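Read through the structure below, which is laid out as structure tokens, and then see the notes.
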Amino acid sequence: MPRTRQFPISVLFVSPTPNKVGGGQISLLELLGALDRERFAPRAAVGGTGELADAFAALNVPVTLIDMPSLRPRNIVRYVRSIQRLARLARSERVDVIHSNDPRAHLYTGPAAWWARVPAVFHYRVSYSDGVYDRFVPMMCSKLVAVSRSVANRFRGASGKVEVIENGVDMNCFHAGAQGDGLPADVRSHAPLIG
């Protein structure tokens, strides 16, 4: 019998990297900061202590530390145990969906979501291909979120699974009337400047 949709929807965000390394992690944190907590109940699984785990905690997102080593033959036992821990976490917390933010996270999220019998959503922010890996990615998830049409084109064979959702922009980060002191004098003007 299918579960009736109830709010808030519990989402487990998975990131094997414990530190903010780039735009993808910053974008994820901005998404979490803007989530309507009446509709969504986020929690995170992170590969260790560090800046990203601290940032999740600062956003009042419960964090579970789960070892997520790089996938190498010598790490296969740790890899399987990590998938089991993610699946157990998803079941014990009654997670409705597991979201992963980067290709390494997908290798954990896809099998864990299958094991826990919950949908997996993979987020993609770059348009360059990972070669043959891109053919298998759609088989491991319920939905692929691409931040642009260019990114969506990576997965042309995954009809029905790719959804384009562009990154939002926090307009509060931009200050109207900024002087532009760091700009060369010939570029400064009183007219709006778009870069």
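Residues in the structure tokens are named by chain (A, B, ... in the order shown) and by number from 1 within that chain; ligands are numbered from 1 in the order shown.
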
I need the residues of chain A that end up classed as alpha helix (DSSP H) by DSSP on the backbone, written out as number ranges by chain.
A: 23-34, 51-58, 76-92, 103-116, 133-136, 149-152

Would you return as a PyMOL selection string the members of chain A that DSSP assigns to strand (DSSP E or B) on this structure's backbone?
chain A and resi 9-15+40-46+63-65+97-100+120-124+143-146+162-164

Atoms kept (N, CA, C and O atoms) for selection, written as a CSV table (one decimal), in the first residue's frame:
```
chain,number,residue,atom,x,y,z
A,9,ILE,N,8.2,16.6,4.2
A,9,ILE,CA,8.9,15.6,3.5
A,9,ILE,C,10.3,15.5,4.0
A,9,ILE,O,11.0,16.4,4.1
A,10,SER,N,10.7,14.3,4.5
A,10,SER,CA,12.0,14.1,5.0
A,10,SER,C,13.0,13.8,3.9
A,10,SER,O,12.8,12.9,3.1
A,11,VAL,N,14.1,14.6,3.8
A,11,VAL,CA,15.1,14.5,2.8
A,11,VAL,C,16.4,14.3,3.4
A,11,VAL,O,16.9,15.1,4.2
A,12,LEU,N,17.1,13.3,3.0
A,12,LEU,CA,18.5,13.0,3.4
A,12,LEU,C,19.4,13.5,2.4
A,12,LEU,O,19.4,13.0,1.2
A,13,PHE,N,20.3,14.5,2.7
A,13,PHE,CA,21.3,15.0,1.7
A,13,PHE,C,22.6,14.3,2.0
A,13,PHE,O,23.1,14.4,3.2
A,14,VAL,N,23.2,13.8,1.0
A,14,VAL,CA,24.4,13.0,1.2
A,14,VAL,C,25.6,13.7,0.5
A,14,VAL,O,25.5,14.1,-0.7
A,15,SER,N,26.7,13.8,1.2
A,15,SER,CA,27.9,14.4,0.7
A,15,SER,C,29.1,13.7,1.3
A,15,SER,O,29.3,13.8,2.5
A,40,PHE,N,9.6,20.7,4.2
A,40,PHE,CA,10.7,19.8,4.1
A,40,PHE,C,11.5,19.7,5.4
A,40,PHE,O,11.7,20.7,6.1
A,41,ALA,N,11.9,18.5,5.8
A,41,ALA,CA,12.7,18.2,7.0
A,41,ALA,C,14.0,17.7,6.5
A,41,ALA,O,14.2,16.5,6.3
A,42,PRO,N,15.0,18.5,6.3
A,42,PRO,CA,16.3,18.0,5.9
A,42,PRO,C,17.2,17.4,7.0
A,42,PRO,O,17.1,17.8,8.1
A,43,ARG,N,18.0,16.5,6.6
A,43,ARG,CA,19.0,15.9,7.4
A,43,ARG,C,20.2,15.6,6.5
A,43,ARG,O,20.0,15.5,5.3
A,44,ALA,N,21.4,15.4,7.0
A,44,ALA,CA,22.5,15.2,6.2
A,44,ALA,C,23.4,14.0,6.7
A,44,ALA,O,23.4,13.8,7.8
A,45,ALA,N,24.0,13.4,5.7
A,45,ALA,CA,25.0,12.3,6.0
A,45,ALA,C,26.3,12.8,5.3
A,45,ALA,O,26.3,13.1,4.1
A,46,VAL,N,27.3,13.0,6.1
A,46,VAL,CA,28.5,13.6,5.6
A,46,VAL,C,29.7,12.6,5.9
A,46,VAL,O,29.7,11.9,6.9
A,63,VAL,N,23.1,16.2,11.4
A,63,VAL,CA,24.2,15.6,10.6
A,63,VAL,C,24.6,14.2,11.2
A,63,VAL,O,24.8,14.1,12.4
A,64,THR,N,24.7,13.3,10.3
A,64,THR,CA,25.2,11.9,10.7
A,64,THR,C,26.5,11.7,10.0
A,64,THR,O,26.5,11.9,8.7
A,65,LEU,N,27.6,11.4,10.7
A,65,LEU,CA,28.9,11.2,10.0
A,65,LEU,C,28.9,9.7,9.6
A,65,LEU,O,28.8,8.8,10.4
A,97,VAL,N,13.1,10.7,0.7
A,97,VAL,CA,13.9,10.8,-0.5
A,97,VAL,C,15.4,11.0,-0.1
A,97,VAL,O,15.6,11.7,0.9
A,98,ILE,N,16.3,10.5,-0.9
A,98,ILE,CA,17.7,10.7,-0.6
A,98,ILE,C,18.3,11.5,-1.8
A,98,ILE,O,18.0,11.2,-3.0
A,99,HIS,N,18.9,12.6,-1.5
A,99,HIS,CA,19.5,13.6,-2.5
A,99,HIS,C,21.0,13.5,-2.4
A,99,HIS,O,21.6,13.6,-1.3
A,100,SER,N,21.6,13.4,-3.6
A,100,SER,CA,23.1,13.5,-3.6
A,100,SER,C,23.5,14.5,-4.5
A,100,SER,O,22.9,14.8,-5.5
A,120,ALA,N,15.8,8.1,-5.1
A,120,ALA,CA,17.1,8.8,-5.0
A,120,ALA,C,17.0,9.9,-6.1
A,120,ALA,O,16.6,9.7,-7.2
A,121,VAL,N,17.5,11.1,-5.7
A,121,VAL,CA,17.6,12.3,-6.6
A,121,VAL,C,19.1,12.7,-6.7
A,121,VAL,O,19.7,12.9,-5.7
A,122,PHE,N,19.6,12.7,-8.0
A,122,PHE,CA,20.9,13.1,-8.2
A,122,PHE,C,21.0,14.5,-8.8
A,122,PHE,O,20.3,14.8,-9.7
A,123,HIS,N,21.8,15.3,-8.2
A,123,HIS,CA,21.9,16.7,-8.6
A,123,HIS,C,23.1,16.9,-9.5
A,123,HIS,O,24.2,16.5,-9.1
A,124,TYR,N,23.0,17.5,-10.7
A,124,TYR,CA,24.1,17.7,-11.6
A,124,TYR,C,24.3,19.2,-11.9
A,124,TYR,O,23.3,19.8,-12.3
A,143,LYS,N,15.3,10.3,-10.2
A,143,LYS,CA,15.3,11.6,-10.9
A,143,LYS,C,16.7,12.2,-10.9
A,143,LYS,O,17.4,12.1,-10.0
A,144,LEU,N,17.0,12.9,-12.1
A,144,LEU,CA,18.2,13.6,-12.2
A,144,LEU,C,17.9,15.1,-12.3
A,144,LEU,O,17.1,15.5,-13.2
A,145,VAL,N,18.4,15.9,-11.4
A,145,VAL,CA,18.2,17.4,-11.5
A,145,VAL,C,19.4,18.0,-12.2
A,145,VAL,O,20.5,17.8,-11.7
A,146,ALA,N,19.1,18.7,-13.3
A,146,ALA,CA,20.2,19.4,-14.0
A,146,ALA,C,20.0,20.9,-13.8
A,146,ALA,O,18.8,21.3,-13.9
A,162,VAL,N,15.2,13.2,-16.3
A,162,VAL,CA,15.9,14.5,-16.2
A,162,VAL,C,15.0,15.7,-16.0
A,162,VAL,O,14.0,15.8,-16.8
A,163,GLU,N,15.2,16.5,-15.0
A,163,GLU,CA,14.4,17.7,-14.7
A,163,GLU,C,15.4,18.8,-14.7
A,163,GLU,O,16.3,18.8,-13.9
A,164,VAL,N,15.1,19.9,-15.4
A,164,VAL,CA,16.0,21.1,-15.4
A,164,VAL,C,15.4,22.0,-14.3
A,164,VAL,O,14.3,22.5,-14.4
```

Give me, as number ranges by chain, all polymer residues having an atom no more than 12 Å from Val118 of chain A, counting only C-alpha atoms and skipping those fewer than 6 positions away in the same chain.
A: 2-3, 10-12, 86-91, 93-99, 109-112, 140-143

Atoms kept (N, CA and C atoms) for selection, written as a PDB file, in the first residue's frame:
```pdb
ATOM      1  N   PRO A   2       0.696   2.169  -0.978  1.00  0.00           N
ATOM      2  CA  PRO A   2       1.552   3.351  -1.043  1.00  0.00           C
ATOM      3  C   PRO A   2       1.320   4.282   0.142  1.00  0.00           C
ATOM      4  N   ARG A   3       2.432   4.918   0.564  1.00  0.00           N
ATOM      5  CA  ARG A   3       2.320   5.871   1.676  1.00  0.00           C
ATOM      6  C   ARG A   3       1.617   7.135   1.216  1.00  0.00           C
ATOM      7  N   SER A  10      10.705  14.282   4.470  1.00  0.00           N
ATOM      8  CA  SER A  10      12.037  14.077   5.021  1.00  0.00           C
ATOM      9  C   SER A  10      13.037  13.799   3.896  1.00  0.00           C
ATOM     10  N   VAL A  11      14.073  14.641   3.806  1.00  0.00           N
ATOM     11  CA  VAL A  11      15.084  14.512   2.751  1.00  0.00           C
ATOM     12  C   VAL A  11      16.450  14.315   3.391  1.00  0.00           C
ATOM     13  N   LEU A  12      17.132  13.258   2.984  1.00  0.00           N
ATOM     14  CA  LEU A  12      18.494  13.006   3.436  1.00  0.00           C
ATOM     15  C   LEU A  12      19.446  13.477   2.353  1.00  0.00           C
ATOM     16  N   LEU A  86      23.964   4.038   5.392  1.00  0.00           N
ATOM     17  CA  LEU A  86      23.070   5.029   4.785  1.00  0.00           C
ATOM     18  C   LEU A  86      21.651   4.474   4.668  1.00  0.00           C
ATOM     19  N   ALA A  87      21.522   3.236   4.238  1.00  0.00           N
ATOM     20  CA  ALA A  87      20.196   2.621   4.105  1.00  0.00           C
ATOM     21  C   ALA A  87      19.515   2.504   5.461  1.00  0.00           C
ATOM     22  N   ARG A  88      20.271   2.084   6.488  1.00  0.00           N
ATOM     23  CA  ARG A  88      19.690   1.986   7.842  1.00  0.00           C
ATOM     24  C   ARG A  88      19.256   3.356   8.351  1.00  0.00           C
ATOM     25  N   LEU A  89      20.082   4.376   8.100  1.00  0.00           N
ATOM     26  CA  LEU A  89      19.728   5.734   8.508  1.00  0.00           C
ATOM     27  C   LEU A  89      18.439   6.181   7.822  1.00  0.00           C
ATOM     28  N   ALA A  90      18.344   5.920   6.528  1.00  0.00           N
ATOM     29  CA  ALA A  90      17.139   6.306   5.780  1.00  0.00           C
ATOM     30  C   ALA A  90      15.895   5.613   6.333  1.00  0.00           C
ATOM     31  N   ARG A  91      16.027   4.338   6.658  1.00  0.00           N
ATOM     32  CA  ARG A  91      14.871   3.603   7.203  1.00  0.00           C
ATOM     33  C   ARG A  91      14.532   4.061   8.617  1.00  0.00           C
ATOM     34  N   GLU A  93      15.114   6.865  10.119  1.00  0.00           N
ATOM     35  CA  GLU A  93      14.620   8.248  10.166  1.00  0.00           C
ATOM     36  C   GLU A  93      13.398   8.455   9.272  1.00  0.00           C
ATOM     37  N   ARG A  94      12.917   7.382   8.681  1.00  0.00           N
ATOM     38  CA  ARG A  94      11.743   7.434   7.803  1.00  0.00           C
ATOM     39  C   ARG A  94      11.905   8.499   6.717  1.00  0.00           C
ATOM     40  N   VAL A  95      13.058   8.438   6.065  1.00  0.00           N
ATOM     41  CA  VAL A  95      13.393   9.378   4.996  1.00  0.00           C
ATOM     42  C   VAL A  95      12.505   9.103   3.787  1.00  0.00           C
ATOM     43  N   ASP A  96      11.998  10.173   3.171  1.00  0.00           N
ATOM     44  CA  ASP A  96      11.143  10.039   1.992  1.00  0.00           C
ATOM     45  C   ASP A  96      11.941  10.024   0.692  1.00  0.00           C
ATOM     46  N   VAL A  97      13.089  10.696   0.686  1.00  0.00           N
ATOM     47  CA  VAL A  97      13.927  10.782  -0.511  1.00  0.00           C
ATOM     48  C   VAL A  97      15.370  11.027  -0.085  1.00  0.00           C
ATOM     49  N   ILE A  98      16.310  10.465  -0.858  1.00  0.00           N
ATOM     50  CA  ILE A  98      17.735  10.712  -0.621  1.00  0.00           C
ATOM     51  C   ILE A  98      18.253  11.546  -1.786  1.00  0.00           C
ATOM     52  N   HIS A  99      18.935  12.625  -1.459  1.00  0.00           N
ATOM     53  CA  HIS A  99      19.480  13.557  -2.454  1.00  0.00           C
ATOM     54  C   HIS A  99      20.999  13.513  -2.397  1.00  0.00           C
ATOM     55  N   THR A 109      24.590   6.876  -2.692  1.00  0.00           N
ATOM     56  CA  THR A 109      23.164   7.171  -2.596  1.00  0.00           C
ATOM     57  C   THR A 109      22.299   6.199  -3.390  1.00  0.00           C
ATOM     58  N   GLY A 110      22.700   5.905  -4.635  1.00  0.00           N
ATOM     59  CA  GLY A 110      21.900   5.014  -5.481  1.00  0.00           C
ATOM     60  C   GLY A 110      21.654   3.654  -4.826  1.00  0.00           C
ATOM     61  N   PRO A 111      22.731   2.918  -4.460  1.00  0.00           N
ATOM     62  CA  PRO A 111      22.507   1.618  -3.816  1.00  0.00           C
ATOM     63  C   PRO A 111      21.800   1.716  -2.461  1.00  0.00           C
ATOM     64  N   ALA A 112      22.124   2.745  -1.670  1.00  0.00           N
ATOM     65  CA  ALA A 112      21.485   2.887  -0.349  1.00  0.00           C
ATOM     66  C   ALA A 112      19.991   3.153  -0.501  1.00  0.00           C
ATOM     67  N   MET A 140      20.594   4.322 -11.462  1.00  0.00           N
ATOM     68  CA  MET A 140      20.743   4.308 -10.006  1.00  0.00           C
ATOM     69  C   MET A 140      19.827   5.288  -9.293  1.00  0.00           C
ATOM     70  N   CYS A 141      19.042   6.063 -10.044  1.00  0.00           N
ATOM     71  CA  CYS A 141      18.237   7.090  -9.377  1.00  0.00           C
ATOM     72  C   CYS A 141      16.823   7.146  -9.936  1.00  0.00           C
ATOM     73  N   SER A 142      15.980   7.860  -9.203  1.00  0.00           N
ATOM     74  CA  SER A 142      14.599   8.074  -9.637  1.00  0.00           C
ATOM     75  C   SER A 142      14.482   9.322 -10.487  1.00  0.00           C
ATOM     76  N   LYS A 143      15.343  10.320 -10.189  1.00  0.00           N
ATOM     77  CA  LYS A 143      15.287  11.601 -10.895  1.00  0.00           C
ATOM     78  C   LYS A 143      16.672  12.215 -10.931  1.00  0.00           C
TER      79      LYS A 143
END
```

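When only C-alpha atoms are used to measure the gap to Val126 of chain A, the shortest distance among A:Arg39, A:His106, A:Lys20, A:Arg149 belongs to A:Arg149.
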
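Counting only C-alpha atoms and comparing A:Trp115, A:Asp130, A:Met68, A:Val151, the residue that lies closest to Gln84 of chain A is A:Trp115.
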
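Distances to Thr49 of chain A were evaluated for A:Pro73, A:Pro16, A:Met171, A:Gly131 using only C-alpha atoms, and the minimum falls at A:Pro16.
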
Between A:Asp102, A:Tyr108, A:Gly24, A:Leu59, smallest distance to Ile76 of chain A by only C-alpha atoms belongs to A:Tyr108

Nearest to Gly160 of chain A, chosen from A:Glu38, A:Val61, A:Pro138, A:Val147, with only C-alpha atoms counted in the distances:
A:Pro138

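For the pair atom CA of Asp36 of chain A and atom CA of Cys173 of chain A, the interatomic distance is 19.7 Å.
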
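Note that the spacing between atom CA of Val80 of chain A and atom CA of Pro62 of chain A amounts to 23.2 Å.
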
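Atom to atom, atom CA of Ile26 of chain A and atom CA of Asn101 of chain A stand 10.7 Å apart.
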
Within 7 Å of Asp67 of chain A, counting only C-alpha atoms, which residues show up once you throw out same-chain ones fewer than 2 positions away? Write them as a PDB file with N, CA and C atoms, in the first residue's frame, please.
```
ATOM      1  N   GLY A  47      30.685  12.615   4.987  1.00  0.00           N
ATOM      2  CA  GLY A  47      31.789  11.674   5.090  1.00  0.00           C
ATOM      3  C   GLY A  47      32.788  11.921   6.197  1.00  0.00           C
ATOM      4  N   GLY A  48      32.571  12.905   7.048  1.00  0.00           N
ATOM      5  CA  GLY A  48      33.479  13.160   8.161  1.00  0.00           C
ATOM      6  C   GLY A  48      33.284  14.559   8.714  1.00  0.00           C
ATOM      7  N   LEU A  65      27.580  11.395  10.657  1.00  0.00           N
ATOM      8  CA  LEU A  65      28.861  11.155  10.012  1.00  0.00           C
ATOM      9  C   LEU A  65      28.936   9.694   9.589  1.00  0.00           C
ATOM     10  N   PRO A  69      34.575   6.350   1.794  1.00  0.00           N
ATOM     11  CA  PRO A  69      35.892   6.385   1.155  1.00  0.00           C
ATOM     12  C   PRO A  69      35.782   6.416  -0.371  1.00  0.00           C
ATOM     13  N   SER A  82      29.303   1.369   4.311  1.00  0.00           N
ATOM     14  CA  SER A  82      28.767   2.737   4.244  1.00  0.00           C
ATOM     15  C   SER A  82      27.388   2.752   3.610  1.00  0.00           C
TER      16      SER A  82
END
```
